[in-house]
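Chemist: Okay, so here is query-v8.csv, and as you'll see once you scroll down, it has CSV, C-alpha atoms.
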chain,number,residue,atom,x,y,z
A,1,MET,CA,115.0,-7.9,-19.1
A,2,LYS,CA,116.7,-8.9,-22.5
A,3,SER,CA,120.3,-9.8,-23.0
A,4,VAL,CA,123.1,-9.7,-25.6
A,5,LEU,CA,126.0,-12.1,-25.4
A,6,ILE,CA,129.0,-10.9,-27.3
A,7,VAL,CA,131.8,-13.4,-28.0
A,8,MET,CA,135.0,-12.2,-29.5
A,9,ASP,CA,136.6,-15.4,-30.7
A,10,GLY,CA,140.2,-16.1,-29.5
A,11,LEU,CA,140.3,-12.7,-27.8
A,12,GLY,CA,142.7,-13.6,-25.0
A,13,ASP,CA,146.4,-13.5,-25.5
A,14,ARG,CA,149.8,-13.4,-23.8
A,15,PRO,CA,152.1,-10.3,-23.2
A,16,ILE,CA,153.6,-9.0,-26.4
A,17,ASP,CA,157.1,-7.3,-26.4
A,18,GLU,CA,156.1,-4.7,-29.0
A,19,PHE,CA,153.2,-3.7,-26.8
A,20,LYS,CA,155.6,-3.3,-23.8
A,21,GLY,CA,154.3,-6.5,-22.1
A,22,LYS,CA,150.7,-5.8,-22.7
A,23,THR,CA,148.3,-8.1,-24.6
A,24,PRO,CA,146.6,-6.9,-27.8
A,25,LEU,CA,143.5,-6.4,-25.7
A,26,GLU,CA,145.3,-4.4,-23.1
A,27,ALA,CA,147.1,-2.3,-25.7
A,28,ALA,CA,144.0,-1.6,-27.7
A,29,LYS,CA,141.9,1.5,-27.3
A,30,THR,CA,138.5,0.1,-26.1
A,31,PRO,CA,136.4,2.9,-24.6
A,32,ASN,CA,133.2,1.0,-25.0
A,33,LEU,CA,134.4,-2.3,-23.5
A,34,ASP,CA,136.0,-0.2,-20.7
A,35,LYS,CA,132.7,1.5,-20.1
A,36,LEU,CA,131.0,-1.9,-19.8
A,37,SER,CA,133.6,-2.9,-17.2
A,38,ALA,CA,133.3,0.3,-15.2
A,39,SER,CA,129.5,0.0,-15.0
A,40,GLY,CA,129.4,-3.8,-14.6
A,41,VAL,CA,130.8,-6.8,-12.8
A,42,ASN,CA,133.9,-8.5,-14.2
A,43,GLY,CA,135.8,-11.8,-14.0
A,44,ILE,CA,137.9,-14.3,-15.9
A,45,MET,CA,136.5,-17.6,-17.2
A,46,ASP,CA,137.7,-21.1,-18.1
A,47,THR,CA,135.2,-22.0,-20.8
A,48,ILE,CA,135.9,-25.7,-20.1
A,49,ALA,CA,138.0,-26.1,-17.0
A,50,PRO,CA,141.4,-24.8,-15.7
A,51,GLY,CA,144.3,-26.1,-17.7
A,52,VAL,CA,142.1,-27.3,-20.6
A,53,THR,CA,142.6,-25.8,-24.0
A,54,PRO,CA,139.1,-25.4,-25.5
A,55,GLY,CA,138.1,-25.9,-29.1
A,56,SER,CA,135.7,-23.3,-30.6
A,57,ASP,CA,133.0,-26.0,-30.8
A,58,THR,CA,133.2,-27.3,-27.2
A,59,SER,CA,133.7,-23.8,-25.7
A,60,HIS,CA,130.5,-22.5,-27.3
A,61,LEU,CA,128.5,-25.5,-26.2
A,62,SER,CA,129.7,-24.8,-22.7
A,63,LEU,CA,128.8,-21.1,-23.0
A,64,PHE,CA,125.2,-22.1,-23.8
A,65,GLY,CA,125.1,-24.4,-20.8
A,66,LEU,CA,125.6,-27.8,-22.5
A,67,ASP,CA,128.4,-29.9,-21.0
A,68,PRO,CA,130.6,-31.0,-23.9
A,69,GLU,CA,131.3,-34.3,-22.0
A,70,GLU,CA,127.6,-35.2,-22.7
A,71,HIS,CA,126.7,-33.2,-25.8
A,72,TYR,CA,129.7,-33.0,-28.0
A,73,HIS,CA,129.6,-35.5,-30.8
A,74,GLY,CA,132.3,-34.1,-33.1
A,75,ARG,CA,132.6,-31.0,-35.1
A,76,GLY,CA,131.0,-32.4,-38.2
A,77,PRO,CA,127.3,-32.1,-37.1
A,78,LEU,CA,127.9,-28.5,-35.9
A,79,GLU,CA,129.5,-27.5,-39.2
A,80,VAL,CA,126.6,-29.1,-41.2
A,81,LEU,CA,124.0,-27.4,-39.1
A,82,GLY,CA,125.8,-24.1,-39.8
A,83,VAL,CA,125.1,-24.6,-43.5
A,84,GLY,CA,121.4,-25.0,-42.7
A,85,VAL,CA,121.0,-28.7,-43.4
A,86,GLY,CA,118.2,-30.4,-41.5
A,87,LEU,CA,119.6,-33.4,-39.7
A,88,LYS,CA,118.1,-36.6,-38.3
A,89,HIS,CA,119.2,-38.5,-35.2
A,90,GLY,CA,122.0,-40.8,-36.3
A,91,ASP,CA,123.2,-38.9,-39.4
A,92,ILE,CA,126.9,-39.1,-39.9
A,93,CYS,CA,128.3,-35.6,-40.6
A,94,LEU,CA,131.7,-34.5,-42.0
A,95,ARG,CA,133.5,-31.3,-42.9
A,96,ALA,CA,134.5,-31.2,-46.5
A,97,ASN,CA,136.6,-29.2,-49.0
A,98,VAL,CA,136.7,-29.3,-52.7
A,99,GLY,CA,140.4,-29.7,-53.6
A,100,THR,CA,142.7,-30.5,-56.5
A,101,VAL,CA,144.5,-33.8,-57.1
A,102,GLU,CA,146.8,-35.2,-59.7
A,103,PRO,CA,145.5,-38.4,-61.7
A,104,ASP,CA,147.5,-40.5,-59.2
A,105,MET,CA,145.5,-39.0,-56.3
A,106,THR,CA,148.4,-36.8,-55.0
A,107,ILE,CA,147.0,-33.6,-53.5
A,108,LYS,CA,148.1,-30.5,-55.3
A,109,ASP,CA,145.9,-28.0,-53.4
A,110,ARG,CA,143.4,-28.7,-50.6
A,111,ARG,CA,141.2,-25.8,-51.6
A,112,ALA,CA,141.4,-25.9,-55.4
A,113,GLY,CA,142.9,-22.5,-55.6
A,114,ARG,CA,140.4,-21.3,-53.1
A,115,ILE,CA,137.6,-21.9,-55.5
A,116,ASP,CA,134.7,-19.6,-54.7
A,117,SER,CA,131.8,-22.0,-55.0
A,118,THR,CA,131.2,-25.7,-54.6
A,119,ALA,CA,127.5,-25.6,-55.7
A,120,GLU,CA,128.2,-27.4,-59.0
A,121,HIS,CA,130.2,-30.1,-57.2
A,122,CYS,CA,127.6,-30.7,-54.6
A,123,LYS,CA,124.8,-31.0,-57.2
A,124,ALA,CA,126.8,-33.8,-58.9
A,125,LEU,CA,126.8,-36.0,-55.7
A,126,ASP,CA,123.8,-34.8,-53.6
A,127,GLY,CA,121.1,-37.4,-53.3
A,128,LEU,CA,123.1,-40.3,-54.7
A,129,LYS,CA,123.0,-43.6,-52.8
A,130,ILE,CA,126.0,-45.9,-52.1
A,131,ASP,CA,125.3,-49.3,-50.6
A,132,GLY,CA,121.9,-48.1,-49.5
A,133,VAL,CA,123.3,-45.0,-47.8
A,134,GLU,CA,122.1,-41.6,-49.0
A,135,ILE,CA,124.7,-39.0,-49.7
A,136,ILE,CA,123.8,-35.4,-48.8
A,137,LEU,CA,126.3,-32.8,-50.0
A,138,LYS,CA,125.5,-29.1,-49.7
A,139,PRO,CA,127.7,-26.1,-50.5
A,140,SER,CA,129.2,-23.9,-47.7
A,141,ALA,CA,131.3,-20.8,-48.0
A,142,TRP,CA,133.9,-20.8,-50.9
A,143,TYR,CA,135.7,-24.1,-51.2
A,144,ARG,CA,133.8,-25.8,-48.3
A,145,ALA,CA,130.9,-28.2,-48.3
A,146,ALA,CA,128.8,-30.1,-45.7
A,147,LEU,CA,128.7,-33.9,-46.1
A,148,VAL,CA,126.1,-36.1,-44.5
A,149,LEU,CA,125.6,-39.9,-44.7
A,150,ARG,CA,122.1,-41.0,-43.9
A,151,GLY,CA,121.2,-44.7,-43.5
A,152,LYS,CA,121.1,-47.6,-41.1
A,153,GLY,CA,124.1,-49.2,-39.5
A,154,LEU,CA,126.5,-46.3,-39.7
A,155,SER,CA,129.2,-45.1,-37.3
A,156,PRO,CA,131.2,-41.9,-36.7
A,157,ASN,CA,134.2,-44.0,-35.7
A,158,VAL,CA,136.0,-43.6,-39.0
A,159,GLY,CA,139.0,-41.7,-40.2
A,160,LYS,CA,139.4,-39.2,-43.0
A,161,ASN,CA,140.5,-39.1,-46.6
A,162,ASP,CA,142.1,-35.6,-46.2
A,163,PRO,CA,145.7,-35.8,-44.9
A,164,LYS,CA,145.7,-32.0,-44.6
A,165,GLU,CA,149.0,-31.9,-46.5
A,166,VAL,CA,149.8,-31.2,-50.2
A,167,GLY,CA,152.2,-33.5,-52.0
A,168,VAL,CA,150.8,-36.7,-50.5
A,169,LYS,CA,148.0,-39.0,-51.7
A,170,VAL,CA,144.4,-38.9,-50.7
A,171,MET,CA,144.0,-41.3,-47.7
A,172,GLU,CA,142.0,-44.5,-47.6
A,173,VAL,CA,139.3,-44.1,-44.9
A,174,LYS,CA,139.9,-46.6,-42.1
A,175,PRO,CA,137.4,-47.8,-39.5
A,176,LEU,CA,138.5,-46.8,-36.0
A,177,ASP,CA,137.1,-49.8,-34.4
A,178,ASN,CA,136.2,-53.4,-35.4
A,179,SER,CA,132.4,-52.8,-35.5
A,180,THR,CA,130.4,-53.7,-38.6
A,181,ALA,CA,129.0,-50.2,-38.6
A,182,ALA,CA,132.4,-48.6,-38.7
A,183,LYS,CA,133.6,-50.9,-41.5
A,184,LYS,CA,130.4,-50.2,-43.5
A,185,THR,CA,130.8,-46.4,-43.1
A,186,ALA,CA,134.5,-46.5,-44.1
A,187,ALA,CA,133.6,-48.5,-47.2
A,188,VAL,CA,130.9,-46.0,-48.2
A,189,LEU,CA,133.3,-43.1,-47.8
A,190,ASN,CA,136.0,-44.8,-49.9
A,191,LYS,CA,133.5,-45.4,-52.7
A,192,LEU,CA,132.5,-41.8,-52.4
A,193,THR,CA,136.1,-40.7,-52.8
A,194,LYS,CA,136.4,-42.5,-56.1
A,195,LEU,CA,133.0,-41.4,-57.3
A,196,ALA,CA,133.8,-37.7,-56.5
A,197,TYR,CA,136.8,-37.8,-58.7
A,198,GLU,CA,134.9,-39.4,-61.6
A,199,LYS,CA,132.0,-36.9,-61.3
A,200,PHE,CA,134.1,-33.8,-60.6
A,201,LYS,CA,136.8,-34.1,-63.3
A,202,ASP,CA,134.5,-33.4,-66.2
A,203,LEU,CA,132.3,-30.7,-64.6
A,204,PRO,CA,131.8,-27.6,-66.8
A,205,ILE,CA,133.2,-25.4,-64.0
A,206,ASN,CA,136.5,-27.4,-64.0
A,207,LYS,CA,136.8,-27.2,-67.8
A,208,LYS,CA,136.4,-23.4,-67.6
A,209,ARG,CA,138.9,-23.2,-64.7
A,210,THR,CA,141.5,-25.3,-66.5
A,211,ALA,CA,141.1,-23.2,-69.7
A,212,THR,CA,141.8,-20.0,-67.8
A,213,GLY,CA,144.9,-21.5,-65.9
A,214,LYS,CA,143.1,-22.1,-62.7
A,215,LEU,CA,143.2,-25.3,-60.6
A,216,PRO,CA,140.2,-27.6,-61.1
A,217,GLY,CA,138.2,-28.7,-58.1
A,218,ASN,CA,138.3,-32.5,-58.8
A,219,MET,CA,138.3,-34.1,-55.4
A,220,LEU,CA,136.1,-34.1,-52.3
A,221,LEU,CA,138.3,-34.1,-49.2
A,222,PHE,CA,136.6,-34.8,-45.8
A,223,ARG,CA,137.4,-35.2,-42.1
A,224,GLY,CA,135.9,-34.8,-38.7
A,225,ALA,CA,133.1,-37.4,-38.7
A,226,GLY,CA,130.5,-37.0,-36.0
A,227,LYS,CA,127.1,-38.4,-35.2
A,228,TYR,CA,124.1,-36.0,-34.9
A,229,VAL,CA,122.4,-36.4,-31.5
A,230,PRO,CA,119.8,-33.8,-30.7
A,231,ALA,CA,120.2,-31.7,-27.6
A,232,PRO,CA,117.6,-29.8,-25.5
A,233,THR,CA,117.1,-26.3,-26.7
A,234,LEU,CA,117.4,-23.1,-24.7
A,235,GLU,CA,113.6,-22.7,-25.0
A,236,GLU,CA,113.0,-26.2,-23.7
A,237,ARG,CA,115.5,-25.7,-20.8
A,238,PHE,CA,114.8,-22.2,-19.8
A,239,GLY,CA,111.8,-20.9,-21.7
A,240,ILE,CA,113.7,-18.2,-23.6
A,241,LYS,CA,113.7,-17.4,-27.3
A,242,ALA,CA,117.2,-16.8,-28.6
A,243,ALA,CA,118.8,-15.6,-31.9
A,244,CYS,CA,122.3,-15.6,-33.4
A,245,VAL,CA,124.2,-13.1,-35.5
A,246,ALA,CA,127.5,-14.5,-36.8
A,247,GLY,CA,129.6,-14.9,-39.9
A,248,GLY,CA,131.3,-18.3,-39.4
A,249,GLY,CA,129.4,-21.5,-40.1
A,250,LEU,CA,130.5,-23.3,-37.0
A,251,TYR,CA,128.9,-20.6,-34.7
A,252,LYS,CA,125.7,-20.7,-36.7
A,253,GLY,CA,125.7,-24.5,-36.3
A,254,VAL,CA,126.2,-24.4,-32.5
A,255,ALA,CA,123.4,-21.7,-32.4
A,256,ARG,CA,121.0,-24.0,-34.3
A,257,TYR,CA,122.0,-26.9,-32.1
A,258,VAL,CA,120.8,-25.1,-29.0
A,259,GLY,CA,117.6,-23.9,-30.8
A,260,MET,CA,118.5,-20.3,-31.7
A,261,GLU,CA,117.2,-18.6,-34.8
A,262,VAL,CA,120.1,-17.8,-37.1
A,263,ILE,CA,119.9,-14.3,-38.6
A,264,ASP,CA,121.9,-14.0,-41.9
A,265,VAL,CA,123.4,-10.6,-42.2
A,266,PRO,CA,124.8,-9.4,-45.6
A,267,GLY,CA,128.4,-8.4,-45.0
A,268,ALA,CA,128.9,-10.7,-42.0
A,269,THR,CA,131.6,-12.8,-43.6
A,270,GLY,CA,133.5,-14.1,-40.6
A,271,ARG,CA,136.6,-12.6,-42.1
A,272,TYR,CA,138.6,-9.4,-41.5
A,273,ASP,CA,136.3,-7.5,-43.8
A,274,SER,CA,133.1,-8.4,-41.8
A,275,ASP,CA,130.6,-5.6,-41.5
A,276,TYR,CA,130.4,-5.3,-37.7
A,277,ASP,CA,128.0,-2.3,-37.8
A,278,ALA,CA,125.5,-4.3,-39.8
A,279,MET,CA,125.8,-7.1,-37.3
A,280,VAL,CA,125.2,-4.8,-34.4
A,281,LYS,CA,122.2,-3.3,-36.2
A,282,ALA,CA,120.8,-6.9,-36.7
A,283,VAL,CA,121.3,-7.6,-33.0
A,284,LYS,CA,119.3,-4.6,-32.0
A,285,ALA,CA,116.5,-5.5,-34.4
A,286,ALA,CA,116.4,-9.1,-33.1
A,287,LEU,CA,115.9,-7.9,-29.6
A,288,ASP,CA,112.4,-6.9,-30.5
A,289,ASP,CA,111.2,-10.5,-30.5
A,290,HIS,CA,114.0,-12.5,-28.8
A,291,ASP,CA,115.0,-12.7,-25.2
A,292,LEU,CA,118.7,-13.3,-25.8
A,293,VAL,CA,120.9,-12.5,-28.9
A,294,PHE,CA,124.3,-14.1,-29.4
A,295,LEU,CA,126.7,-11.9,-31.4
A,296,HIS,CA,129.9,-13.6,-32.6
A,297,PHE,CA,133.0,-11.8,-33.9
A,298,LYS,CA,135.7,-14.1,-35.6
A,299,ALA,CA,138.6,-11.8,-36.6
A,300,THR,CA,140.4,-11.7,-33.3
A,301,ASP,CA,140.9,-15.5,-33.5
A,302,SER,CA,142.1,-15.3,-37.1
A,303,ALA,CA,144.7,-12.6,-36.2
A,304,GLY,CA,145.9,-14.7,-33.3
A,305,GLU,CA,146.3,-17.7,-35.6
A,306,ASP,CA,148.1,-15.5,-38.2
A,307,GLY,CA,150.5,-14.5,-35.4
A,308,ASN,CA,149.8,-10.8,-36.1
A,309,PRO,CA,149.4,-8.9,-32.8
A,310,GLN,CA,149.0,-5.5,-34.5
A,311,LEU,CA,146.1,-6.8,-36.6
A,312,LYS,CA,144.6,-8.4,-33.6
A,313,LYS,CA,144.7,-5.1,-31.8
A,314,GLU,CA,143.1,-3.3,-34.8
A,315,MET,CA,140.3,-5.9,-34.9
A,316,ILE,CA,139.6,-5.5,-31.2
A,317,GLU,CA,139.3,-1.7,-31.7
A,318,LYS,CA,137.0,-2.2,-34.7
A,319,MET,CA,134.8,-4.5,-32.6
A,320,ASP,CA,134.8,-2.1,-29.7
A,321,LYS,CA,133.6,0.7,-32.0
A,322,ALA,CA,130.8,-1.4,-33.3
A,323,ILE,CA,129.8,-2.5,-29.8
A,324,GLY,CA,129.2,1.2,-28.9
A,325,GLY,CA,125.9,0.9,-30.8
A,326,LEU,CA,124.6,-1.4,-28.0
A,327,LEU,CA,125.4,0.8,-25.0
A,328,SER,CA,122.3,2.9,-25.4
A,329,LEU,CA,120.0,-0.1,-25.0
A,330,LYS,CA,117.6,0.2,-22.1
A,331,ASP,CA,116.8,-2.6,-19.6
A,332,CYS,CA,119.3,-4.9,-21.4
A,333,ILE,CA,122.1,-7.1,-20.0
A,334,ILE,CA,125.3,-6.9,-22.1
A,335,VAL,CA,127.9,-9.6,-21.6
A,336,ALA,CA,131.2,-9.5,-23.4
A,337,THR,CA,133.7,-12.3,-23.4
A,338,ALA,CA,135.6,-14.8,-25.5
A,339,ASP,CA,135.5,-18.6,-26.2
A,340,HIS,CA,139.2,-19.2,-25.7
A,341,THR,CA,142.6,-17.6,-25.8
A,342,THR,CA,144.6,-17.6,-29.0
A,343,PRO,CA,148.1,-16.2,-28.4
A,344,CYS,CA,149.8,-14.6,-31.4
A,345,SER,CA,153.1,-16.2,-30.2
A,346,LEU,CA,151.6,-19.7,-30.5
A,347,LYS,CA,149.3,-19.2,-33.5
A,348,HIS,CA,146.8,-21.6,-31.9
A,349,HIS,CA,144.4,-22.0,-29.0
A,350,SER,CA,145.8,-22.1,-25.4
A,351,TYR,CA,144.5,-22.9,-21.9
A,352,GLU,CA,144.5,-19.4,-20.3
A,353,PRO,CA,141.1,-18.1,-19.0
A,354,VAL,CA,139.4,-15.3,-20.9
A,355,PRO,CA,138.0,-11.9,-19.6
A,356,VAL,CA,134.2,-11.5,-19.0
A,357,VAL,CA,132.1,-8.6,-18.1
A,358,MET,CA,128.3,-8.3,-17.4
A,359,ALA,CA,126.8,-4.8,-17.4
A,360,ALA,CA,123.1,-4.4,-16.6
A,361,PRO,CA,120.7,-2.4,-14.5
A,362,GLY,CA,121.0,-3.4,-10.9
A,363,VAL,CA,124.2,-5.4,-11.3
A,364,ARG,CA,126.5,-5.4,-8.3
A,365,THR,CA,129.5,-3.5,-9.7
A,366,ASP,CA,133.2,-3.9,-8.7
A,367,ASP,CA,136.2,-1.7,-8.9
A,368,VAL,CA,137.4,-2.7,-12.4
A,369,ILE,CA,137.4,0.1,-14.9
A,370,ALA,CA,139.2,-1.5,-17.9
A,371,PHE,CA,138.3,-4.6,-19.9
A,372,GLY,CA,141.5,-6.8,-20.1
A,373,GLU,CA,142.8,-10.2,-19.1
A,374,ARG,CA,144.5,-9.0,-16.0
A,375,SER,CA,142.2,-6.2,-14.9
A,376,CYS,CA,139.0,-8.4,-15.1
A,377,ALA,CA,140.8,-11.0,-12.9
A,378,LYS,CA,140.3,-8.5,-10.0
A,379,GLY,CA,136.5,-8.3,-10.5
A,380,GLY,CA,133.5,-9.6,-8.6
A,381,LEU,CA,132.7,-12.6,-10.9
A,382,HIS,CA,136.1,-14.0,-9.9
A,383,ARG,CA,137.2,-17.1,-11.8
A,384,MET,CA,134.2,-18.9,-13.2
A,385,ARG,CA,133.3,-21.8,-15.6
A,386,GLY,CA,131.9,-21.4,-19.0
A,387,LEU,CA,129.0,-23.7,-18.1
A,388,ASP,CA,127.9,-21.2,-15.4
A,389,LEU,CA,127.8,-18.1,-17.5
A,390,ILE,CA,124.4,-18.7,-19.1
A,391,HIS,CA,122.9,-19.2,-15.6
A,392,VAL,CA,124.3,-16.0,-14.3
A,393,ILE,CA,122.8,-14.1,-17.3
A,394,LEU,CA,119.4,-15.8,-17.0
A,395,ALA,CA,119.4,-15.3,-13.2
A,396,HIS,CA,119.8,-11.5,-13.7
A,397,MET,CA,117.1,-11.6,-16.4
A,398,GLY,CA,114.8,-13.0,-13.8
A,399,VAL,CA,114.2,-16.2,-15.8
A,400,LEU,CA,115.5,-18.8,-13.4
A,401,LYS,CA,113.2,-20.1,-10.7
A,402,LEU,CA,113.9,-20.2,-7.0
A,403,TYR,CA,115.9,-23.3,-6.0
A,404,GLY,CA,114.2,-24.6,-2.9
A,405,ALA,CA,111.4,-23.1,-0.8
Transcribe the structure of this file into structure tokens.
Modeler:
Amino acid sequence: MKSVLIVMDGLGDRPIDEFKGKTPLEAAKTPNLDKLSASGVNGIMDTIAPGVTPGSDTSHLSLFGLDPEEHYHGRGPLEVLGVGVGLKHGDICLRANVGTVEPDMTIKDRRAGRIDSTAEHCKALDGLKIDGVEIILKPSAWYRAALVLRGKGLSPNVGKNDPKEVGVKVMEVKPLDNSTAAKKTAAVLNKLTKLAYEKFKDLPINKKRTATGKLPGNMLLFRGAGKYVPAPTLEERFGIKAACVAGGGLYKGVARYVGMEVIDVPGATGRYDSDYDAMVKAVKAALDDHDLVFLHFKATDSAGEDGNPQLKKEMIEKMDKAIGGLLSLKDCIIVATADHTTPCSLKHHSYEPVPVVMAAPGVRTDDVIAFGERSCAKGGLHRMRGLDLIHVILAHMGVLKLYGA
């Protein structure tokens, strides 16, 4: 039996006054998700643990059965993997933006007017060496880039040069411990900061942008250092072949980290305009030669962070419509859930558990008939951990072996 794991990012919410005390999910018209709940088994899930507010990175590791306490080494490596950079054990990885600074290094715009490509900037620095450390810089979406330091004697225990504020100066990178490796890494990053400004300010793209009244991308701003440490793949652990269909780089990165094949879908932007029908079509095609396909939708989280319950409701309905294309699959397990709760009232992640449903041939159904935070809490899966979800799916697939005699 094959399976599809649908993750609607930040789906969970809190009661909204304009929805008469319902959450956006409860207020949305979701006939397909409700059909899954009525034909499946439901529950609520703490992707990390009760009372813990999950990050998108740690929660997804948990959903794929990797305990973040052991396998989370910072967001940097996952973001870099999402861009498709091949990493080596010990590489130091950071998230990066191309931004705009004044000559005195005061930040004017952290995203250089949302510049739509960093390819020219990355080419200017990629492959250079600083104190024997190789600089790997690859473009990501829009103003983003993936930064890797490769060499001996490096440490992820360093700060950032990005203060995440405008009107303040680019920060000096500080070592976060007294080790020689941390001091060396900080020194390399500080030299890179200066070198980026020198290389970027005269790029043709910046001369063109300045001439047309746009902000130049003249600084590399980075944060989130982490060390790449390989993890066992899903195939190594369970013998399954898995694929990922997603728009956002982080989710592609987590998928690659656990050994999934990432399928790039035109129109899968990770934004509100993402082509969900194209993503579902890609999932169905991927099932031909994969045992499990992970489908990630981002817009519910974005709407929660924007504090827009009406938009979140609309995005849920858009996702539900697309998911309808999966309900005709035969001999297939369909699981729908979220990685965390993002209440519109908070505009950031929170600790509340998320709803989860598993519909499949032979599943032991319950009495739940609607997919929602409160309705799913009455279901047969009860309250479960994120780490356990993959095992429940694989057990119903018939993949897991008997424990004992």
Chemist: With distances taken over all atoms listed in the file, which residue among A:Arg75, A:Lys129, A:Lys298, A:His89 lies nearest Arg223 (chain A)?
Modeler: A:Arg75
Chemist: Taking only C-alpha atoms into account, which of A:Ser3, A:Gly76, A:Thr30, A:Ser274 comes nearest Phe294 (chain A)?
Modeler: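 So, comparing all the options, the nearest one is A:Ser3.
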Chemist: Could you list, as a list in words, every residue within 7 Å of region 386-395 of chain A, counting only C-alpha atoms and ignoring same-chain residues fewer than 3 positions away?
Modeler: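 The residues that qualify are Met45, Asp46, Thr47, Ile48, Ser62, Leu63, Phe64, Gly65, Leu66, Asp67, Gly398, Val399 and Leu400 of chain A.
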Chemist: For Gly379 (chain A), which residue among A:Asp17, A:Asp367, A:Asp202, A:Asp131 is the nearest when counting all atoms listed in the file?
Modeler: A:Asp367
Chemist: Grab the CA of Val293 (chain A) to CA of Ile6 (chain A) distance for me, in Å with one decimal place.
Modeler: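 The value is 8.4 Å.
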Chemist: Applying 10 Å and all atoms listed in the file, which residues near Ala243 (chain A) remain after dropping the ones on its own chain fewer than 3 positions away? List them as a VMD selection string.
Modeler: chain A and resid 4 252 255 to 256 259 to 263 283 286 to 287 289 to 295
Chemist: With only C-alpha atoms as the basis for distance, which of A:Leu346, A:Ala196, A:Met384, A:Ala322 is at the shortest distance from Gly43 (chain A)?
Modeler: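 Closest to Gly43 (chain A), using only C-alpha atoms: A:Met384.
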Chemist: Could you tell me which of A:Ala187, A:Leu149, A:Val41, A:Leu25 comes closest to Leu87 (chain A) if we count only C-alpha atoms?
Modeler: A:Leu149
Chemist: Neighbours of Thr106 (chain A) within 7 Å (all atoms listed in the file; same-chain residues fewer than 5 positions away dropped), as a list in words?
Modeler: Val101, Gly167, Val168, Lys169 and Val170 of chain A
Chemist: Record the distance separating CA of Gly99 (chain A) and CA of Asp177 (chain A), expressed in Å with one decimal.
Modeler: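 Separation between CA of Gly99 (chain A) and CA of Asp177 (chain A): 28.0 Å.
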Chemist: Could you state the separation of CA of Lys281 (chain A) and CA of Gly324 (chain A) in Å, given to one decimal place?
Modeler: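 So the answer is 11.1 Å.
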Chemist: Can you tell me, as JSON, the centre and edge lengths (Å, one decimal) of the axis-aligned box enclosing all of region 304-310 of chain A's listed atoms after padding each side by 8 Å?
Modeler:
{"center_x": 148.2, "center_y": -11.6, "center_z": -35.5, "size_x": 20.6, "size_y": 28.2, "size_z": 21.4}
Chemist: Which one is closest to Pro355 (chain A): A:Ile16, A:Leu33, A:Met397, A:Leu78? Count only C-alpha atoms.
Modeler: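 Closest candidate: A:Leu33.
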Chemist: Which residues come within 10 Å of Glu305 (chain A), counting only C-alpha atoms, excluding same-chain residues fewer than 6 positions away, as an NGL selection string?
Modeler: :A and (10 or 299 or 312 or 342-349)
